[in-house]
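Trainee: The following file, data.txt, comprises compact mmCIF, C-alpha atoms and all ligand atoms:
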# COMPACT_ATOMS: atom_id res chain seq x y z
CA MET A 1 6.42 -4.68 -19.77
CA HIS A 2 8.99 -7.05 -18.25
CA ALA A 3 8.32 -10.78 -18.16
CA GLN A 4 7.66 -12.49 -14.83
CA GLY A 5 10.87 -13.24 -12.95
CA GLU A 6 12.87 -10.87 -15.09
CA HIS A 7 13.35 -8.40 -12.26
CA ASN A 8 16.24 -8.65 -9.86
CA ASP A 9 18.22 -6.25 -7.69
CA PHE A 10 19.85 -4.74 -10.78
CA THR A 11 16.71 -4.18 -12.84
CA THR A 12 14.56 -1.09 -12.47
CA TYR A 13 10.83 -0.90 -13.16
CA GLY A 14 9.46 1.34 -15.85
CA GLU A 15 7.27 4.24 -14.77
CA ASP A 16 4.09 2.44 -15.85
CA GLU A 17 5.08 -0.69 -13.93
CA TYR A 18 5.07 0.96 -10.51
CA LEU A 19 2.38 -0.18 -8.08
CA GLN A 20 0.81 1.99 -5.39
CA ILE A 21 1.61 0.85 -1.85
CA ALA A 22 -2.12 0.95 -1.03
CA GLU A 23 -2.77 -1.71 -3.70
CA ILE A 24 -1.26 -4.39 -1.50
CA GLN A 25 -3.71 -3.56 1.29
CA HIS A 26 -6.72 -4.00 -1.02
CA TYR A 27 -5.28 -7.13 -2.65
CA GLN A 28 -4.52 -8.76 0.69
CA PHE A 29 -8.05 -8.01 1.92
CA CYS A 30 -9.52 -9.43 -1.28
CA PRO A 31 -7.80 -9.83 -4.67
CA ARG A 32 -11.11 -9.15 -6.37
CA GLN A 33 -11.54 -5.86 -4.54
CA TRP A 34 -8.11 -4.87 -5.78
CA GLY A 35 -9.11 -5.74 -9.36
CA LEU A 36 -12.36 -3.79 -9.16
CA ILE A 37 -10.55 -0.71 -7.90
CA TYR A 38 -7.31 -0.72 -9.82
CA LEU A 39 -8.23 -2.48 -13.08
CA GLU A 40 -11.87 -1.48 -13.48
CA HIS A 41 -11.44 2.15 -12.62
CA GLN A 42 -15.13 2.95 -12.70
CA TRP A 43 -15.35 1.89 -9.05
CA ALA A 44 -12.06 3.23 -7.83
CA GLU A 45 -13.45 6.62 -7.09
CA ASN A 46 -15.71 5.44 -4.26
CA VAL A 47 -12.95 3.98 -2.18
CA LEU A 48 -10.12 6.26 -3.11
CA THR A 49 -12.15 9.42 -2.56
CA VAL A 50 -12.94 8.30 0.96
CA GLU A 51 -9.32 7.43 1.59
CA GLY A 52 -8.21 10.76 0.20
CA THR A 53 -10.60 12.61 2.49
CA LEU A 54 -9.33 10.69 5.49
CA LEU A 55 -5.73 11.40 4.61
CA HIS A 56 -6.60 15.07 4.29
CA GLN A 57 -8.17 15.04 7.74
CA LYS A 58 -5.12 13.35 9.20
CA ALA A 59 -2.78 15.83 7.57
CA HIS A 60 -4.56 18.56 9.52
CA ASP A 61 -4.72 16.70 12.78
CA PRO A 62 -3.71 19.26 15.43
CA GLU A 63 -2.41 16.43 17.62
CA ILE A 64 0.38 15.76 15.15
CA LYS A 65 3.27 18.16 15.59
CA GLU A 66 6.58 18.33 13.78
CA LYS A 67 8.73 17.97 16.89
CA ARG A 68 7.91 16.23 20.14
CA GLY A 69 10.66 15.76 22.71
CA ASN A 70 13.11 13.23 21.38
CA ARG A 71 11.21 12.60 18.17
CA ILE A 72 10.66 14.35 14.87
CA VAL A 73 7.31 13.66 13.25
CA LYS A 74 6.81 13.88 9.49
CA ARG A 75 3.34 13.61 7.97
CA SER A 76 2.30 12.51 4.50
CA LEU A 77 5.79 11.47 3.50
CA ARG A 78 6.07 10.25 -0.09
CA VAL A 79 8.15 7.10 -0.46
CA ALA A 80 9.21 4.81 -3.28
CA SER A 81 11.35 1.78 -3.90
CA PRO A 82 12.82 1.30 -7.39
CA ARG A 83 13.92 -2.17 -6.24
CA LEU A 84 10.32 -3.22 -5.49
CA GLY A 85 8.68 -0.99 -8.09
CA VAL A 86 6.29 0.65 -5.63
CA VAL A 87 5.42 4.20 -4.71
CA GLY A 88 3.09 5.69 -2.11
CA MET A 89 2.70 7.79 0.97
CA CYS A 90 3.32 7.13 4.65
CA ASP A 91 0.71 8.76 6.91
CA VAL A 92 3.29 9.50 9.58
CA VAL A 93 6.96 8.68 10.02
CA GLU A 94 8.55 9.25 13.40
CA PHE A 95 12.30 9.68 13.78
CA ILE A 96 13.18 8.78 17.36
CA ARG A 97 16.49 9.78 18.91
CA ASP A 98 18.57 6.59 19.09
CA GLU A 99 22.33 6.26 18.82
CA THR A 100 21.97 3.08 16.74
CA GLY A 101 19.92 4.95 14.13
CA ILE A 102 20.65 7.10 11.07
CA ARG A 103 21.72 10.69 10.70
CA LEU A 104 19.23 13.26 9.38
CA PRO A 105 20.15 16.45 7.58
CA ALA A 106 19.65 19.55 9.74
CA TYR A 107 19.29 17.56 12.98
CA GLN A 108 21.88 16.56 15.52
CA GLY A 109 22.36 12.96 16.62
CA ARG A 110 21.01 9.73 15.21
CA TYR A 111 17.42 8.59 14.80
CA ARG A 112 15.49 5.33 14.56
CA VAL A 113 12.74 5.26 11.94
CA LEU A 114 9.18 4.31 12.93
CA PRO A 115 6.37 4.30 10.32
CA VAL A 116 2.85 4.83 11.68
CA GLU A 117 -0.20 4.03 9.56
CA TYR A 118 -3.60 5.47 10.51
CA LYS A 119 -6.74 3.40 10.00
CA ARG A 120 -10.26 4.58 10.62
CA GLY A 121 -11.68 1.26 11.92
CA ARG A 122 -10.47 -1.29 14.42
CA PRO A 123 -7.76 -4.01 14.19
CA LYS A 124 -8.69 -6.55 11.52
CA GLU A 125 -8.55 -10.33 11.44
CA GLY A 126 -6.55 -10.28 8.22
CA LYS A 127 -3.01 -9.07 7.64
CA GLU A 128 -3.81 -6.36 5.10
CA ASP A 129 -2.87 -3.43 7.33
CA ILE A 130 0.35 -5.15 8.40
CA PHE A 131 1.23 -5.77 4.75
CA GLN A 132 0.77 -2.11 3.92
CA LEU A 133 2.79 -0.95 6.93
CA THR A 134 5.59 -3.40 6.19
CA LEU A 135 5.76 -2.33 2.55
CA GLU A 136 6.02 1.29 3.67
CA ALA A 137 8.85 0.27 5.98
CA MET A 138 10.61 -1.58 3.14
CA CYS A 139 10.47 1.58 1.02
CA LEU A 140 11.82 3.68 3.88
CA GLU A 141 14.62 1.17 4.40
CA ASP A 142 15.64 1.40 0.77
CA MET A 143 15.49 5.20 0.75
CA LEU A 144 17.23 5.79 4.07
CA VAL A 145 19.58 2.78 4.01
CA THR A 146 18.51 1.50 7.38
CA ARG A 147 16.66 -1.38 8.98
CA ILE A 148 13.16 -0.98 10.44
CA ASP A 149 12.13 -3.75 12.81
CA GLU A 150 8.81 -2.35 13.97
CA GLY A 151 6.05 0.02 13.01
CA CYS A 152 2.70 1.12 14.43
CA LEU A 153 -0.92 0.91 13.36
CA TYR A 154 -3.25 3.49 14.89
CA TYR A 155 -6.96 2.62 14.81
CA GLY A 156 -9.39 5.53 14.98
CA GLU A 157 -12.34 3.55 16.29
CA THR A 158 -10.49 2.12 19.28
CA HIS A 159 -8.00 5.00 19.63
CA HIS A 160 -5.39 2.34 20.03
CA ARG A 161 -1.83 2.33 18.74
CA LEU A 162 -0.58 -1.14 18.03
CA THR A 163 3.14 -1.87 17.75
CA VAL A 164 3.80 -4.35 14.95
CA PRO A 165 7.05 -6.34 14.50
CA LEU A 166 8.12 -6.13 10.86
CA LYS A 167 10.62 -8.98 10.79
CA GLY A 168 10.46 -12.46 9.37
CA ALA A 169 8.68 -14.15 6.50
CA ILE A 170 6.27 -11.30 5.85
CA ARG A 171 8.76 -9.53 3.60
CA THR A 172 9.05 -12.55 1.32
CA GLN A 173 5.24 -12.84 1.30
CA ILE A 174 5.01 -9.20 0.28
CA GLU A 175 7.40 -9.60 -2.64
CA LYS A 176 5.42 -12.66 -3.77
CA THR A 177 2.15 -10.73 -3.48
CA LEU A 178 3.55 -7.84 -5.53
CA GLN A 179 4.44 -10.33 -8.26
CA GLU A 180 0.90 -11.78 -8.17
CA ILE A 181 -0.57 -8.29 -8.51
CA ARG A 182 1.70 -7.58 -11.47
CA ASN A 183 0.60 -10.78 -13.18
CA PHE A 184 -3.08 -9.87 -12.85
CA ARG A 185 -2.36 -6.35 -13.99
CA GLU A 186 -0.38 -7.52 -17.00
CA HIS A 187 -3.29 -9.72 -18.11
CA ARG A 188 -5.90 -7.06 -17.22
CA GLN A 189 -7.69 -9.76 -15.26
CA THR A 190 -9.90 -9.04 -12.24
CA PRO A 191 -9.47 -12.04 -9.90
CA ARG A 192 -12.53 -14.15 -9.15
CA VAL A 193 -12.83 -15.29 -5.55
CA LYS A 194 -15.33 -17.08 -3.37
CA ARG A 195 -17.58 -15.11 -1.06
CA ARG A 196 -15.79 -14.42 2.19
CA ARG A 197 -16.46 -13.00 5.61
CA GLY A 198 -15.09 -9.64 4.55
CA CYS A 199 -17.83 -9.28 1.89
CA LYS A 200 -20.24 -8.00 4.50
CA SER A 201 -18.11 -4.98 5.30
CA CYS A 202 -16.73 -4.50 1.79
CA SER A 203 -17.50 -1.08 0.32
CA LEU A 204 -17.85 -2.63 -3.14
CA LYS A 205 -20.28 -5.40 -2.22
CA ASP A 206 -23.25 -3.88 -4.03
CA LEU A 207 -21.26 -3.83 -7.24
CA CYS A 208 -19.42 -7.09 -6.78
CA LEU A 209 -21.81 -9.63 -5.27
CA PRO A 210 -24.51 -9.71 -7.95
CA GLU A 211 -21.80 -10.46 -10.49
CA LEU A 212 -20.13 -13.06 -8.26
CA SER A 213 -23.44 -14.77 -7.67
CA ARG A 214 -24.53 -14.82 -11.29
CA THR A 215 -23.66 -18.47 -11.83
CA LYS A 216 -25.35 -19.64 -8.61
CA SER A 217 -28.91 -20.74 -8.17
CA ALA A 218 -31.13 -18.45 -6.09
CA HIS A 219 -31.19 -21.16 -3.41
CA ALA A 220 -27.39 -21.40 -3.26
CA TYR A 221 -27.17 -17.61 -3.09
CA MET A 222 -29.66 -17.42 -0.19
CA MET A 223 -27.91 -20.24 1.69
CA GLY A 224 -24.61 -18.39 1.29
CA VAL A 225 -26.06 -15.15 2.64
CA ILE A 226 -27.83 -16.90 5.57
CA SER A 227 -24.77 -18.86 6.62
CA GLU A 228 -22.52 -15.75 6.81
S1 LIG B 301 -17.76 -8.09 -2.03
FE1 LIG B 301 -16.43 -9.75 -1.29
S2 LIG B 301 -15.60 -10.75 -3.12
FE2 LIG B 301 -16.44 -8.76 -3.75
S3 LIG B 301 -14.70 -7.38 -3.68
FE3 LIG B 301 -15.72 -7.21 -1.72
S4 LIG B 301 -14.69 -8.68 -0.39
FE4 LIG B 301 -14.14 -9.19 -2.50
Could the structure of this file be written out as structure tokens, please?
Mentor:
Amino acid sequence: MHAQGEHNDFTTYGEDEYLQIAEIQHYQFCPRQWGLIYLEHQWAENVLTVEGTLLHQKAHDPEIKEKRGNRIVKRSLRVASPRLGVVGMCDVVEFIRDETGIRLPAYQGRYRVLPVEYKRGRPKEGKEDIFQLTLEAMCLEDMLVTRIDEGCLYYGETHHRLTVPLKGAIRTQIEKTLQEIRNFREHRQTPRVKRRRGCKSCSLKDLCLPELSRTKSAHAYMMGVISE
């Protein structure tokens, strides 16, 4: 395992050092949720099975076609970035005809790249979905040698497609977050956090909260639950 800060543009990550793109979404929602899923694998199956089923459904969505007018649509596209040490899958990547874009083998003209991430719920208060989408875009940029300034999040509950700018400080935040995840992973340490608003909707709450609350008095626990 490489020491913290050892990586730079000229260093590659070993196979066992790669992170899944989806990890950043869980970590950004709650570092503890990430630890429960990716370090303490006994609980990973709950969440990942659901996600796998949803991906499967999306892959068979009859609304998604391979070619629509001026755009080519690719589903379930595997991506990776040796520079960032991450690997994963984009739900959908659209290549839109645009003379400022890149060339694609077997197609005429140039195309702009637009990642689209599908989510079953509605837009969230936190940035976890934006982090995941941006990291997907960063992988695509590295693989296709292009720049991606926006992506889309599609929310199943609201049937709404949100255009998200992918510029600015978020990329630096993502690289910092990846480093934090690596540090926890290296020390095999599940982060401890305070109860948060997201606990209510967290799929791991039944497993996590009793443990989190172990050091509290029953009164403090009840006050915490009531004040949510
Ligand atoms: S229940 Fe709360 S603290 Fe525990 S993993 Fe879920 S969001 Fe994090």
Trainee: Got a sec: who's within 8 Å of Tyr13 of chain A, counting all atoms listed in the file, leaving out chain neighbours fewer than 5 positions off, as a list in words?
Mentor: His7, Tyr18, Pro82, Arg83 and Gly85 of chain A
Trainee: Within 9 Å of ligand LIG 301 (chain B), counting only C-alpha atoms and all ligand atoms, which protein or nucleic acid residues do you find, written as a VMD selection string?
Mentor: chain A and resid 29 to 37 192 to 209 211 to 212
Trainee: Could you give me, as a ChimeraX atom specification, the residues within 9 Å of segment 115-123 of chain A, counting all atoms listed in the file and dropping anything in the same chain fewer than 6 positions from it?
Mentor: /A:54-55,58,90-95,129,132-134,136-137,140,148,150-162
Trainee: Could you please determine the separation between atom CA of Met138 of chain A and atom CA of Gly109 of chain A in Å, to one decimal place?
Mentor: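 Between atom CA of Met138 of chain A and atom CA of Gly109 of chain A the gap is 23.0 Å.
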Trainee: Would you compute the distance between atom CA of Ala22 of chain A and atom CA of Val87 of chain A? Give it in Å to one decimal.
Mentor: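 Going from atom CA of Ala22 of chain A over to atom CA of Val87 of chain A, I get 9.0 Å.
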